[in-house]
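**Student:** My structure is stored as run_34.tsv, with TSV, C-alpha atoms and all ligand atoms.
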chain	number	residue	atom	x	y	z
A	97	MET	CA	9.55	-20.68	14.93
A	98	ASN	CA	9.83	-19.29	11.46
A	99	TYR	CA	6.81	-18.14	9.51
A	100	GLN	CA	8.71	-16.97	6.43
A	101	VAL	CA	8.48	-18.64	3.04
A	102	ASP	CA	10.82	-21.61	2.48
A	103	GLU	CA	13.10	-22.00	-0.53
A	104	LYS	CA	10.43	-23.95	-2.39
A	105	GLY	CA	7.87	-21.21	-1.94
A	106	PHE	CA	5.84	-22.80	0.86
A	107	TYR	CA	4.57	-21.62	4.23
A	108	GLY	CA	4.06	-24.95	5.96
A	109	GLU	CA	1.69	-26.84	3.69
A	110	PHE	CA	0.45	-23.67	1.95
A	111	GLY	CA	1.78	-21.68	-1.00
A	112	GLY	CA	3.86	-23.02	-3.88
A	113	ALA	CA	3.44	-22.22	-7.57
A	114	TYR	CA	0.66	-24.16	-9.30
A	115	ILE	CA	0.74	-22.64	-12.76
A	116	PRO	CA	0.14	-23.63	-16.39
A	117	GLU	CA	3.27	-24.92	-18.11
A	118	ILE	CA	3.43	-21.91	-20.43
A	119	LEU	CA	4.22	-19.68	-17.42
A	120	TYR	CA	7.01	-21.86	-15.97
A	121	ALA	CA	9.88	-19.91	-17.53
A	122	THR	CA	8.39	-16.51	-16.66
A	123	VAL	CA	7.63	-17.39	-13.05
A	124	LYS	CA	11.01	-19.11	-12.61
A	125	ASN	CA	12.70	-16.00	-13.95
A	126	LEU	CA	10.82	-13.90	-11.38
A	127	GLN	CA	11.64	-16.37	-8.58
A	128	GLU	CA	15.34	-16.12	-9.42
A	129	HIS	CA	15.54	-12.35	-9.82
A	130	TYR	CA	13.15	-10.72	-7.37
A	131	LEU	CA	15.37	-10.90	-4.27
A	132	PRO	CA	18.67	-9.80	-5.88
A	133	ILE	CA	16.82	-6.85	-7.44
A	134	ILE	CA	14.77	-5.67	-4.46
A	135	GLU	CA	17.72	-6.08	-2.11
A	136	SER	CA	20.05	-4.06	-4.34
A	137	GLN	CA	21.02	-0.59	-3.13
A	138	GLU	CA	19.85	0.98	-6.39
A	139	PHE	CA	16.34	-0.47	-5.99
A	140	LYS	CA	16.13	0.44	-2.31
A	141	ASP	CA	17.13	4.04	-3.01
A	142	GLU	CA	14.51	4.48	-5.77
A	143	TYR	CA	11.80	2.66	-3.82
A	144	HIS	CA	12.28	4.62	-0.61
A	145	ALA	CA	12.54	7.95	-2.44
A	146	LEU	CA	9.15	7.25	-4.07
A	147	LEU	CA	7.61	6.11	-0.79
A	148	ARG	CA	8.74	9.36	0.79
A	149	ASP	CA	8.05	11.92	-1.92
A	150	TYR	CA	5.24	10.32	-3.90
A	151	VAL	CA	3.31	8.11	-1.46
A	152	GLY	CA	3.88	10.45	1.49
A	153	ARG	CA	5.61	8.10	3.94
A	154	PRO	CA	6.25	7.57	6.75
A	155	SER	CA	2.54	7.36	7.53
A	156	PRO	CA	1.77	8.73	11.02
A	157	LEU	CA	1.38	6.52	14.08
A	158	TYR	CA	-1.44	8.35	15.82
A	159	TYR	CA	-2.38	8.02	19.50
A	160	ALA	CA	-6.18	7.70	19.50
A	161	GLY	CA	-6.98	9.23	22.91
A	162	ARG	CA	-10.77	8.91	23.05
A	163	MET	CA	-10.76	5.36	21.66
A	164	SER	CA	-7.99	4.42	24.12
A	165	GLU	CA	-10.17	5.54	26.98
A	166	ARG	CA	-13.17	3.67	25.60
A	167	TYR	CA	-11.32	0.38	25.31
A	168	GLY	CA	-9.01	0.69	28.32
A	169	CYS	CA	-5.72	0.45	26.46
A	170	GLN	CA	-3.14	2.61	24.69
A	171	LEU	CA	-4.40	2.59	21.11
A	172	TYR	CA	-2.22	3.76	18.24
A	173	LEU	CA	-3.51	3.91	14.67
A	174	LYS	CA	-1.12	3.27	11.78
A	175	ARG	CA	-2.51	5.70	9.22
A	176	GLU	CA	-2.22	3.96	5.83
A	177	ASP	CA	-5.38	5.88	4.90
A	178	LEU	CA	-3.20	8.98	4.49
A	179	ASN	CA	-1.15	7.50	1.64
A	180	HIS	CA	-1.49	8.76	-1.93
A	181	THR	CA	-4.55	7.05	-3.49
A	182	GLY	CA	-5.97	6.44	-0.02
A	183	ALA	CA	-4.77	3.00	1.09
A	184	HIS	CA	-1.79	0.72	1.68
A	185	LYS	CA	-2.00	-0.77	-1.82
A	186	ILE	CA	0.29	1.85	-3.36
A	187	ASN	CA	3.27	0.61	-1.24
A	188	ASN	CA	3.11	-2.60	-3.25
A	189	THR	CA	2.44	-1.20	-6.72
A	190	VAL	CA	5.30	1.31	-6.45
A	191	GLY	CA	7.67	-1.56	-5.62
A	192	GLN	CA	6.39	-3.97	-8.25
A	193	ILE	CA	6.54	-1.44	-11.08
A	194	LEU	CA	10.18	-0.68	-10.25
A	195	LEU	CA	10.84	-4.42	-10.33
A	196	ALA	CA	9.00	-4.75	-13.67
A	197	LYS	CA	11.14	-2.00	-15.17
A	198	LYS	CA	14.37	-3.55	-13.95
A	199	MET	CA	13.28	-6.87	-15.49
A	200	GLY	CA	12.79	-5.16	-18.85
A	201	LYS	CA	9.00	-5.58	-19.01
A	202	THR	CA	7.00	-3.07	-21.06
A	203	ARG	CA	3.36	-3.95	-20.38
A	204	ILE	CA	1.59	-4.12	-17.01
A	205	ILE	CA	-1.53	-6.12	-16.18
A	206	ALA	CA	-3.47	-6.31	-12.91
A	207	GLU	CA	-6.68	-7.70	-11.46
A	208	THR	CA	-8.99	-5.67	-9.30
A	209	GLY	CA	-12.17	-6.18	-7.27
A	210	ALA	CA	-13.34	-2.93	-5.74
A	211	GLY	CA	-10.97	-1.12	-8.06
A	212	GLN	CA	-8.52	0.01	-5.37
A	213	HIS	CA	-5.64	-2.12	-6.64
A	214	GLY	CA	-6.55	-1.18	-10.22
A	215	VAL	CA	-6.31	2.50	-9.34
A	216	ALA	CA	-3.03	2.01	-7.44
A	217	THR	CA	-1.60	0.15	-10.46
A	218	ALA	CA	-2.89	2.64	-13.04
A	219	THR	CA	-1.37	5.41	-10.90
A	220	VAL	CA	2.17	4.01	-10.92
A	221	CYS	CA	1.86	3.15	-14.62
A	222	ALA	CA	1.06	6.81	-15.35
A	223	LEU	CA	4.02	7.76	-13.16
A	224	MET	CA	6.36	5.49	-15.13
A	225	GLY	CA	4.78	5.99	-18.56
A	226	MET	CA	3.93	2.32	-18.94
A	227	LYS	CA	1.01	0.61	-20.68
A	228	CYS	CA	-1.57	-0.68	-18.20
A	229	GLU	CA	-4.46	-3.10	-18.61
A	230	VAL	CA	-6.75	-3.98	-15.71
A	231	PHE	CA	-9.12	-6.96	-15.48
A	232	MET	CA	-12.25	-6.40	-13.47
A	233	GLY	CA	-15.44	-8.45	-13.07
A	234	ALA	CA	-18.34	-6.95	-15.01
A	235	THR	CA	-20.44	-6.86	-11.84
A	236	ASP	CA	-17.71	-4.85	-10.09
A	237	VAL	CA	-17.32	-2.52	-13.10
A	238	GLU	CA	-20.93	-1.53	-12.52
A	239	ARG	CA	-20.75	-1.41	-8.70
A	240	GLN	CA	-17.47	0.53	-8.58
A	241	HIS	CA	-18.00	3.02	-11.36
A	242	THR	CA	-15.93	5.86	-9.89
A	243	ASN	CA	-12.83	3.72	-9.65
A	244	VAL	CA	-13.31	2.60	-13.27
A	245	GLU	CA	-13.39	6.26	-14.30
A	246	ARG	CA	-10.28	6.99	-12.22
A	247	MET	CA	-8.39	4.14	-13.93
A	248	LYS	CA	-9.45	5.38	-17.37
A	249	MET	CA	-8.45	8.94	-16.52
A	250	LEU	CA	-5.03	7.60	-15.47
A	251	GLY	CA	-4.68	6.04	-18.93
A	252	ALA	CA	-5.42	2.39	-18.13
A	253	GLU	CA	-7.55	0.11	-20.25
A	254	VAL	CA	-10.23	-1.67	-18.18
A	255	HIS	CA	-11.42	-5.10	-19.37
A	256	PRO	CA	-14.78	-6.18	-17.92
A	257	VAL	CA	-14.70	-9.94	-17.21
A	258	ARG	CA	-17.95	-11.80	-17.92
A	259	THR	CA	-17.12	-15.32	-16.73
A	260	GLY	CA	-18.32	-16.91	-13.46
A	261	ASN	CA	-19.81	-14.51	-10.95
A	262	MET	CA	-18.11	-11.65	-12.78
A	263	THR	CA	-16.26	-10.53	-9.61
A	264	LEU	CA	-12.68	-10.48	-8.24
A	265	SER	CA	-12.01	-14.21	-8.40
A	266	ASP	CA	-12.94	-14.24	-12.10
A	267	ALA	CA	-10.82	-11.15	-12.76
A	268	CYS	CA	-7.79	-12.99	-11.25
A	269	SER	CA	-8.37	-15.96	-13.53
A	270	GLU	CA	-8.64	-13.70	-16.57
A	271	ALA	CA	-5.43	-11.82	-15.66
A	272	ILE	CA	-3.60	-15.15	-15.42
A	273	ARG	CA	-5.04	-16.15	-18.82
A	274	ASP	CA	-3.77	-12.92	-20.37
A	275	TRP	CA	-0.37	-13.46	-18.75
A	276	CYS	CA	-0.19	-16.90	-20.39
A	277	CYS	CA	-0.64	-15.21	-23.80
A	278	HIS	CA	2.05	-12.57	-23.24
A	279	PRO	CA	4.59	-14.06	-20.82
A	280	SER	CA	7.69	-12.36	-22.23
A	281	ASP	CA	6.81	-8.64	-22.31
A	282	THR	CA	4.14	-8.50	-19.56
A	283	PHE	CA	4.54	-8.05	-15.81
A	284	TYR	CA	1.57	-9.05	-13.68
A	285	ILE	CA	1.28	-6.74	-10.65
A	286	VAL	CA	-0.56	-8.90	-8.10
A	287	GLY	CA	-2.53	-6.90	-5.54
A	288	SER	CA	-2.26	-8.96	-2.37
A	289	THR	CA	-0.22	-11.70	-0.66
A	290	MET	CA	-1.59	-14.32	-3.02
A	291	GLY	CA	-0.78	-15.91	-6.37
A	292	PRO	CA	2.09	-18.30	-7.17
A	293	HIS	CA	5.44	-18.04	-5.38
A	294	PRO	CA	7.17	-15.55	-5.23
A	295	TYR	CA	4.19	-13.16	-5.19
A	296	PRO	CA	3.06	-13.68	-1.57
A	297	ASP	CA	6.62	-13.06	-0.37
A	298	LEU	CA	7.19	-10.20	-2.79
A	299	VAL	CA	4.01	-8.38	-1.74
A	300	ALA	CA	4.70	-8.99	1.98
A	301	ARG	CA	8.18	-7.47	1.58
A	302	MET	CA	6.79	-4.45	-0.27
A	303	GLN	CA	4.24	-3.88	2.52
A	304	SER	CA	6.75	-4.58	5.31
A	305	VAL	CA	7.59	-0.87	5.34
A	306	ILE	CA	4.50	-0.57	7.57
A	307	SER	CA	5.99	-2.56	10.48
A	308	GLU	CA	9.47	-1.16	9.80
A	309	GLU	CA	8.02	2.26	10.58
A	310	ILE	CA	5.93	1.01	13.52
A	311	LYS	CA	9.18	-0.15	15.19
A	312	TRP	CA	10.90	3.21	15.31
A	313	GLN	CA	7.67	5.15	15.78
A	314	LEU	CA	6.81	3.08	18.87
A	315	GLN	CA	10.35	3.48	20.18
A	316	GLU	CA	9.89	7.25	19.93
A	317	LYS	CA	6.40	7.32	21.43
A	318	VAL	CA	6.37	4.64	24.14
A	319	GLY	CA	10.07	3.86	24.63
A	320	ARG	CA	9.97	0.28	23.33
A	321	ASP	CA	9.89	-0.92	19.75
A	322	TYR	CA	7.14	-3.54	20.05
A	323	PRO	CA	3.44	-3.40	20.93
A	324	ASP	CA	1.43	-5.87	23.01
A	325	TYR	CA	-1.14	-6.23	20.23
A	326	LEU	CA	-1.17	-5.77	16.48
A	327	ILE	CA	-4.58	-5.63	14.79
A	328	ALA	CA	-5.38	-5.53	11.07
A	329	CYS	CA	-8.12	-6.54	8.68
A	330	ILE	CA	-7.48	-9.38	6.28
A	331	GLY	CA	-8.71	-10.03	2.76
A	332	GLY	CA	-5.90	-11.46	0.65
A	333	GLY	CA	-3.62	-10.45	3.50
A	334	SER	CA	-1.30	-7.67	2.32
A	335	ASN	CA	-1.93	-4.91	4.87
A	336	ALA	CA	-1.92	-7.55	7.61
A	337	ALA	CA	1.38	-8.98	6.30
A	338	GLY	CA	2.92	-5.50	6.25
A	339	THR	CA	1.71	-4.77	9.78
A	340	ILE	CA	3.12	-7.96	11.31
A	341	TYR	CA	6.17	-8.56	9.09
A	342	HIS	CA	8.87	-7.53	11.57
A	343	TYR	CA	7.03	-9.07	14.54
A	344	MET	CA	6.08	-12.50	13.23
A	345	ASP	CA	8.67	-14.31	15.33
A	346	ASP	CA	8.35	-11.99	18.34
A	347	GLU	CA	6.09	-13.91	20.72
A	348	ARG	CA	5.69	-10.88	23.00
A	349	VAL	CA	3.38	-9.47	20.34
A	350	ARG	CA	-0.15	-10.84	20.03
A	351	ILE	CA	-1.53	-10.70	16.50
A	352	VAL	CA	-5.26	-10.34	15.90
A	353	LEU	CA	-6.68	-10.35	12.36
A	354	ALA	CA	-10.24	-9.45	11.37
A	355	GLU	CA	-11.76	-11.27	8.41
A	356	ALA	CA	-15.09	-10.44	6.82
A	357	GLY	CA	-17.90	-12.46	8.33
A	358	GLY	CA	-20.62	-11.03	6.08
A	359	HIS	CA	-23.89	-12.22	7.65
A	360	GLY	CA	-21.91	-14.64	9.86
A	361	TRP	CA	-19.10	-17.12	9.24
A	362	ASP	CA	-21.53	-20.01	9.70
A	363	THR	CA	-24.01	-18.74	7.08
A	364	ASP	CA	-23.89	-18.98	3.26
A	365	TYR	CA	-23.20	-15.24	3.07
A	366	THR	CA	-19.64	-14.87	4.31
A	367	ALA	CA	-16.06	-14.16	3.26
A	368	ALA	CA	-14.53	-15.56	6.48
A	369	THR	CA	-12.12	-17.81	4.62
A	370	ILE	CA	-9.95	-18.81	7.57
A	371	HIS	CA	-13.01	-19.84	9.58
A	372	ARG	CA	-14.75	-21.54	6.70
A	373	GLY	CA	-12.14	-22.54	4.12
A	374	THR	CA	-10.57	-25.91	3.41
A	375	THR	CA	-7.26	-26.58	1.68
A	376	GLY	CA	-7.41	-26.13	-2.06
A	377	ILE	CA	-5.59	-24.52	-4.97
A	378	LEU	CA	-6.69	-21.14	-6.24
A	379	HIS	CA	-4.91	-18.67	-8.51
A	380	GLY	CA	-1.58	-20.44	-8.42
A	381	ALA	CA	-1.21	-21.32	-4.73
A	382	LYS	CA	-2.36	-23.81	-2.13
A	383	MET	CA	-4.41	-22.01	0.50
A	384	LEU	CA	-7.64	-22.08	2.45
A	385	VAL	CA	-10.49	-21.56	0.02
A	386	MET	CA	-14.25	-21.62	0.34
A	387	GLN	CA	-15.33	-24.49	-1.88
A	388	ASP	CA	-18.09	-27.07	-2.07
A	389	ASP	CA	-17.60	-30.83	-1.77
A	390	ASP	CA	-16.73	-31.03	-5.47
A	391	GLY	CA	-14.03	-28.36	-5.18
A	392	GLN	CA	-16.14	-25.69	-6.89
A	393	ILE	CA	-15.18	-22.24	-5.58
A	394	GLN	CA	-17.98	-20.64	-3.57
A	395	GLU	CA	-18.70	-16.98	-3.95
A	396	ALA	CA	-17.59	-14.75	-1.09
A	397	PHE	CA	-20.08	-12.38	0.47
A	398	THR	CA	-19.34	-9.25	2.53
A	399	ILE	CA	-20.38	-5.61	2.62
A	400	SER	CA	-16.73	-4.76	1.95
A	401	ALA	CA	-15.61	-5.06	-1.69
A	402	GLY	CA	-11.92	-5.16	-0.71
A	403	LEU	CA	-12.37	-8.27	1.47
A	404	ASP	CA	-14.62	-10.06	-1.02
A	405	TYR	CA	-12.35	-12.98	-1.97
A	406	PRO	CA	-12.94	-16.73	-1.44
A	407	GLY	CA	-9.26	-17.40	-0.59
A	408	VAL	CA	-6.58	-15.98	1.73
A	409	GLY	CA	-2.83	-15.70	1.31
A	410	PRO	CA	-0.74	-18.79	2.20
A	411	MET	CA	1.38	-17.00	4.81
A	412	HIS	CA	-1.76	-16.28	6.81
A	413	CYS	CA	-3.18	-19.78	6.34
A	414	ASN	CA	-0.03	-21.16	7.93
A	415	MET	CA	0.19	-18.64	10.78
A	416	ALA	CA	-3.46	-19.21	11.68
A	417	ARG	CA	-3.02	-22.98	11.51
A	418	GLN	CA	0.07	-22.75	13.79
A	419	GLY	CA	-1.90	-20.67	16.28
A	420	ARG	CA	0.39	-17.66	15.85
A	421	THR	CA	-2.50	-15.39	14.86
A	422	GLN	CA	-5.93	-15.05	16.37
A	423	VAL	CA	-8.48	-14.60	13.58
A	424	LEU	CA	-11.84	-13.02	14.36
A	425	SER	CA	-14.83	-13.02	12.05
A	426	ILE	CA	-16.45	-9.58	11.95
A	427	ASN	CA	-19.95	-9.30	10.52
A	428	ASP	CA	-21.24	-6.53	8.27
A	429	ASP	CA	-23.22	-4.81	11.03
A	430	GLU	CA	-20.25	-4.85	13.41
A	431	ALA	CA	-18.04	-3.29	10.72
A	432	ILE	CA	-20.58	-0.55	10.00
A	433	TYR	CA	-20.70	0.19	13.72
A	434	GLY	CA	-16.87	0.26	13.89
A	435	GLY	CA	-16.75	2.68	10.99
A	436	TYR	CA	-19.18	5.10	12.66
A	437	GLU	CA	-17.43	4.69	15.97
A	438	LEU	CA	-13.99	5.73	14.68
A	439	THR	CA	-15.57	8.55	12.70
A	440	ARG	CA	-17.38	10.02	15.71
A	441	MET	CA	-14.68	9.31	18.29
A	442	GLU	CA	-11.59	10.43	16.36
A	443	GLY	CA	-12.77	12.23	13.23
A	444	ILE	CA	-11.37	9.57	10.95
A	445	ILE	CA	-13.65	7.91	8.38
A	446	PRO	CA	-12.06	4.50	7.77
A	447	ALA	CA	-12.49	2.29	4.72
A	448	ILE	CA	-15.17	-0.31	5.40
A	449	GLU	CA	-12.37	-2.93	5.21
A	450	SER	CA	-10.45	-1.17	8.00
A	451	ALA	CA	-13.66	-0.83	10.00
A	452	HIS	CA	-13.53	-4.62	10.45
A	453	ALA	CA	-10.26	-4.16	12.38
A	454	ILE	CA	-11.84	-1.43	14.53
A	455	ALA	CA	-14.73	-3.77	15.37
A	456	ALA	CA	-12.24	-6.36	16.65
A	457	LEU	CA	-11.42	-4.03	19.59
A	458	SER	CA	-14.71	-4.75	21.33
A	459	LYS	CA	-14.02	-8.51	21.22
A	460	LEU	CA	-10.72	-8.28	23.11
A	461	THR	CA	-9.92	-7.65	26.76
A	462	PHE	CA	-7.03	-5.29	27.37
A	463	LYS	CA	-5.01	-4.16	30.36
A	464	GLN	CA	-4.81	-0.39	30.83
A	465	ASP	CA	-1.15	-0.15	29.81
A	466	ASP	CA	-1.36	-2.53	26.83
A	467	VAL	CA	0.06	-0.89	23.72
A	468	VAL	CA	-2.21	-1.71	20.79
A	469	VAL	CA	-1.31	-0.83	17.19
A	470	LEU	CA	-4.18	-1.05	14.71
A	471	THR	CA	-3.66	-0.48	11.00
A	472	VAL	CA	-6.21	1.74	9.29
A	473	SER	CA	-5.63	0.25	5.83
A	474	GLY	CA	-7.53	2.89	3.89
A	475	ARG	CA	-9.79	5.92	3.98
A	476	GLY	CA	-13.54	5.73	3.79
A	477	ASP	CA	-14.38	8.35	1.17
A	478	LYS	CA	-15.23	5.53	-1.24
A	479	ASP	CA	-17.61	4.00	1.33
A	480	VAL	CA	-19.65	6.98	2.48
A	481	GLU	CA	-22.68	5.76	0.54
A	482	THR	CA	-22.38	2.28	2.07
A	483	TYR	CA	-22.15	3.74	5.57
A	484	LEU	CA	-25.17	5.97	5.08
A	485	LYS	CA	-27.23	3.25	3.41
A	486	ASN	CA	-26.55	0.85	6.28
A	487	LYS	CA	-26.66	3.25	9.19
A	488	GLN	CA	-29.55	1.24	10.61
A	489	MET	CA	-27.14	-1.61	11.35
A	490	ALA	CA	-25.08	0.62	13.64
A	491	LYS	CA	-28.16	1.99	15.38
A	492	GLU	CA	-28.79	-1.36	16.99
A	493	TYR	CA	-25.77	-0.72	19.17
A	494	GLY	CA	-25.30	2.97	19.59
A	495	ASN	CA	-26.68	6.40	18.99
A	496	PHE	CA	-24.97	8.07	16.10
A	501	LIG	C1	-7.82	-4.05	-0.72
A	501	LIG	C2	-7.98	-3.53	0.62
A	501	LIG	C3	-7.93	-4.38	1.75
A	501	LIG	C4	-7.78	-5.87	1.66
A	501	LIG	O1	-6.61	-6.32	1.07
A	501	LIG	P1	-5.42	-6.97	1.91
A	501	LIG	O2	-4.51	-7.51	0.85
A	501	LIG	O3	-5.98	-8.05	2.77
A	501	LIG	O4	-4.78	-5.90	2.70
A	501	LIG	C5	-8.05	-3.81	3.01
A	501	LIG	N1	-8.23	-2.48	3.16
A	501	LIG	C6	-8.30	-1.65	2.11
A	501	LIG	C7	-8.50	-0.19	2.37
A	501	LIG	C8	-8.18	-2.13	0.80
A	501	LIG	O5	-8.26	-1.28	-0.22
Could I get this file's structure written as structure tokens?

**Tutor:**
Amino acid sequence: MNYQVDEKGFYGEFGGAYIPEILYATVKNLQEHYLPIIESQEFKDEYHALLRDYVGRPSPLYYAGRMSERYGCQLYLKREDLNHTGAHKINNTVGQILLAKKMGKTRIIAETGAGQHGVATATVCALMGMKCEVFMGATDVERQHTNVERMKMLGAEVHPVRTGNMTLSDACSEAIRDWCCHPSDTFYIVGSTMGPHPYPDLVARMQSVISEEIKWQLQEKVGRDYPDYLIACIGGGSNAAGTIYHYMDDERVRIVLAEAGGHGWDTDYTAATIHRGTTGILHGAKMLVMQDDDGQIQEAFTISAGLDYPGVGPMHCNMARQGRTQVLSINDDEAIYGGYELTRMEGIIPAIESAHAIAALSKLTFKQDDVVVLTVSGRGDKDVETYLKNKQMAKEYGNF
């Protein structure tokens, strides 16, 4: 079994590069150069030095004692929440900006939904002294005001997008439109394992540092370099891709991914793309997308801004279709409960996205000595208001 991208940019039937003709040369150039550059010693040295000294890696692999007892397993948390800027996204933006520089690009663009990828991009642009423009749905600009201010403080220009629902999906379309107008000097830093080939593979490789570290950290802590379970939340799929990258072909490892159910995957208010989606083309790739019978993209709905996307990366579409991954739909109330649970049991406030992964624990049956590694993709400082506002949801289950 091989779940990696093929030479044409496909994962099974998913992936590829469905782009306007004006981008052909630019994307082809990227397809031809990304591997030689990121596999060069010079790149690796710079990338790993920044991950260590700027991002703060390796991120700890923490044995969660009280949660282990609660769920009857050996639970380890991969602490991406402790990275600079508070999530895994910086692993990717650090790598892509180095690649952009080596390809002679001078202007950076990015899309953002909740603003986390926008902040991670604006951060590395400040670090490298590069011009940064971020596209963000006008609705999100209002909802995520603090992140807009962070981006501006970091020197980025934020363009509110007023087409469609004025959210992430529209911001992606607008970033691609801008890219079409400036293909020669502009590098588009894509925020997840989506977009035209080679982006899904590029982003997965940049995030693969997560499972590279899990391997040696597990070896140190439990005496073997693989877990019985890997658990991560999935929006576009980048923290999940990083978590599973070095274990995809290792059948000893069960992979469980938590997508955002919203009010329920079988309602109209959901972002559970793998449960609900059908094959379509969105933002340059063939993937599972939520669409109506006429192929119109349906708006995603979830309490978690970072999982609010009507598509999911092609690598994950293929792995789910092949039965390699088990995908659970976690509803808003279950995620809120998971967030409170980790906070009160371990003193770690997770991002509401990561709380979806926590909530998956209660849907699985473990053996006492099962080694479970769960990625906490980000910290919950940004979500404190959401947690407090929705505390009622968690009360249905427990007493916090
Ligand atoms: C953006 C984000 C996600 C979802 O993105 P993926 O590409 O699926 O990882 C998950 N967690 C956090 C904290 C995020 O900021």

**Student:** Which residues of chain A have any atom within 6 Å of an atom in ligand LIG 501 (chain A) when counting all atoms listed in the file, and what is the closest pair of atoms for each, with the distance in Å to one decimal? Order the rows by chain and rising number and write it as CSV.

**Tutor:**
residue,atom,partner,partner_atom,distance
A:Ala183,CA,A:LIG501,C7,5.1
A:Gln212,CA,A:LIG501,O5,5.3
A:Ser288,CA,A:LIG501,O2,4.2
A:Ile330,CA,A:LIG501,O3,4.0
A:Gly331,CA,A:LIG501,O3,3.4
A:Gly332,CA,A:LIG501,O3,4.0
A:Gly333,CA,A:LIG501,O3,3.4
A:Ser334,CA,A:LIG501,O2,3.5
A:Asn335,CA,A:LIG501,O4,3.7
A:Ala336,CA,A:LIG501,O4,5.9
A:Gly402,CA,A:LIG501,C1,4.2
A:Leu403,CA,A:LIG501,C4,5.2
A:Ala447,CA,A:LIG501,C7,5.3
A:Glu449,CA,A:LIG501,N1,4.6
A:Ser450,CA,A:LIG501,N1,5.5
A:Ser473,CA,A:LIG501,C7,4.5
A:Gly474,CA,A:LIG501,C7,3.6

**Student:** Could you make a table, as a Markdown table, of the residues of stretch 408-466 of chain A that have an atom within 7 Å of an atom of stretch 100-110 of chain A, each with its nearest atom pair and distance in Å to one decimal, counting only C-alpha atoms, in chain and number order?

**Tutor:**
| residue | atom | partner | partner_atom | distance |
| --- | --- | --- | --- | --- |
| A:Pro410 | CA | A:Phe110 | CA | 5.0 |
| A:Met411 | CA | A:Tyr107 | CA | 5.6 |
| A:Cys413 | CA | A:Phe110 | CA | 6.9 |
| A:Asn414 | CA | A:Gly108 | CA | 5.9 |

**Student:** Looking at all atoms listed in the file, which of A:Ile327, A:Ala210, A:Ala222, A:Ala453 is the one that sits closest to A:Lys478?

**Tutor:**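 Looking at the shortest contact to A:Lys478, the residue is A:Ala210.
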
**Student:** Which residues are near stretch 151-155 of chain A? Cut-off 9 Å, all atoms listed in the file, ignore same chain within fewer than 5 positions. Put them as JSON, numbers by chain.

**Tutor:** {"A": [144, 146, 174, 175, 176, 177, 178, 179, 180, 181, 186, 187, 190, 305, 306, 309]}

**Student:** Which one is closest to A:Tyr284: A:Thr461, A:Thr482, A:Asn98, A:Thr208? Count all atoms listed in the file.

**Tutor:**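 That would be A:Thr208, the residue with the smallest distance to A:Tyr284.
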
**Student:** Provide an axis-aligned box for all listed atoms of stretch 107-126 of chain A, padding each side by 6 Å; report its centre and its edge lengths in Å to one decimal, as JSON.

**Tutor:**
{"center_x": 6.4, "center_y": -20.4, "center_z": -7.2, "size_x": 24.6, "size_y": 24.9, "size_z": 38.4}

**Student:** Measuring atom to atom with all atoms listed in the file, identify which of A:Ser265, A:Gln313, A:Thr398, A:Gln240 is nearest to A:Glu355.

**Tutor:**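 Ranking A:Ser265, A:Gln313, A:Thr398, A:Gln240 by distance to A:Glu355, first place goes to A:Thr398.
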
**Student:** Work out how far apart atom CA of A:Leu171 and atom CA of A:Arg417 are and give it in Å to one decimal.

**Tutor:**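 Taking atom CA of A:Leu171 as the start and atom CA of A:Arg417 as the end point, the length is 27.3 Å.
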
**Student:** Given the choices A:Ile426, A:Thr219, A:Ala368, A:Met224, which gets closest to A:Asn243 if the distance is worked out from all atoms listed in the file?

**Tutor:**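 The answer is A:Thr219, which sits nearest to A:Asn243.
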
**Student:** Which of these residues is nearest to A:Val299, using all atoms listed in the file: A:Ile454, A:Ile193, A:Ile205, A:Ala328?

**Tutor:**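 The shortest atom-to-atom distance to A:Val299 comes from A:Ile193.
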
**Student:** Nearest to A:Ile310 among A:Gly211, A:Thr471, A:Val257, A:Ile444, with distances taken over only C-alpha atoms: which residue is it?

**Tutor:**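 Nearest candidate to A:Ile310 out of A:Gly211, A:Thr471, A:Val257, A:Ile444: A:Thr471.
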
**Student:** Could you list, as JSON, numbers by chain, every residue within 8 Å of stretch 379-394 of chain A, counting only C-alpha atoms and ignoring same-chain residues fewer than 6 positions away?

**Tutor:** {"A": [109, 110, 111, 112, 113, 114, 115, 268, 269, 272, 290, 291, 292, 293, 369, 370, 372, 373, 406, 407, 408, 409, 410, 413]}
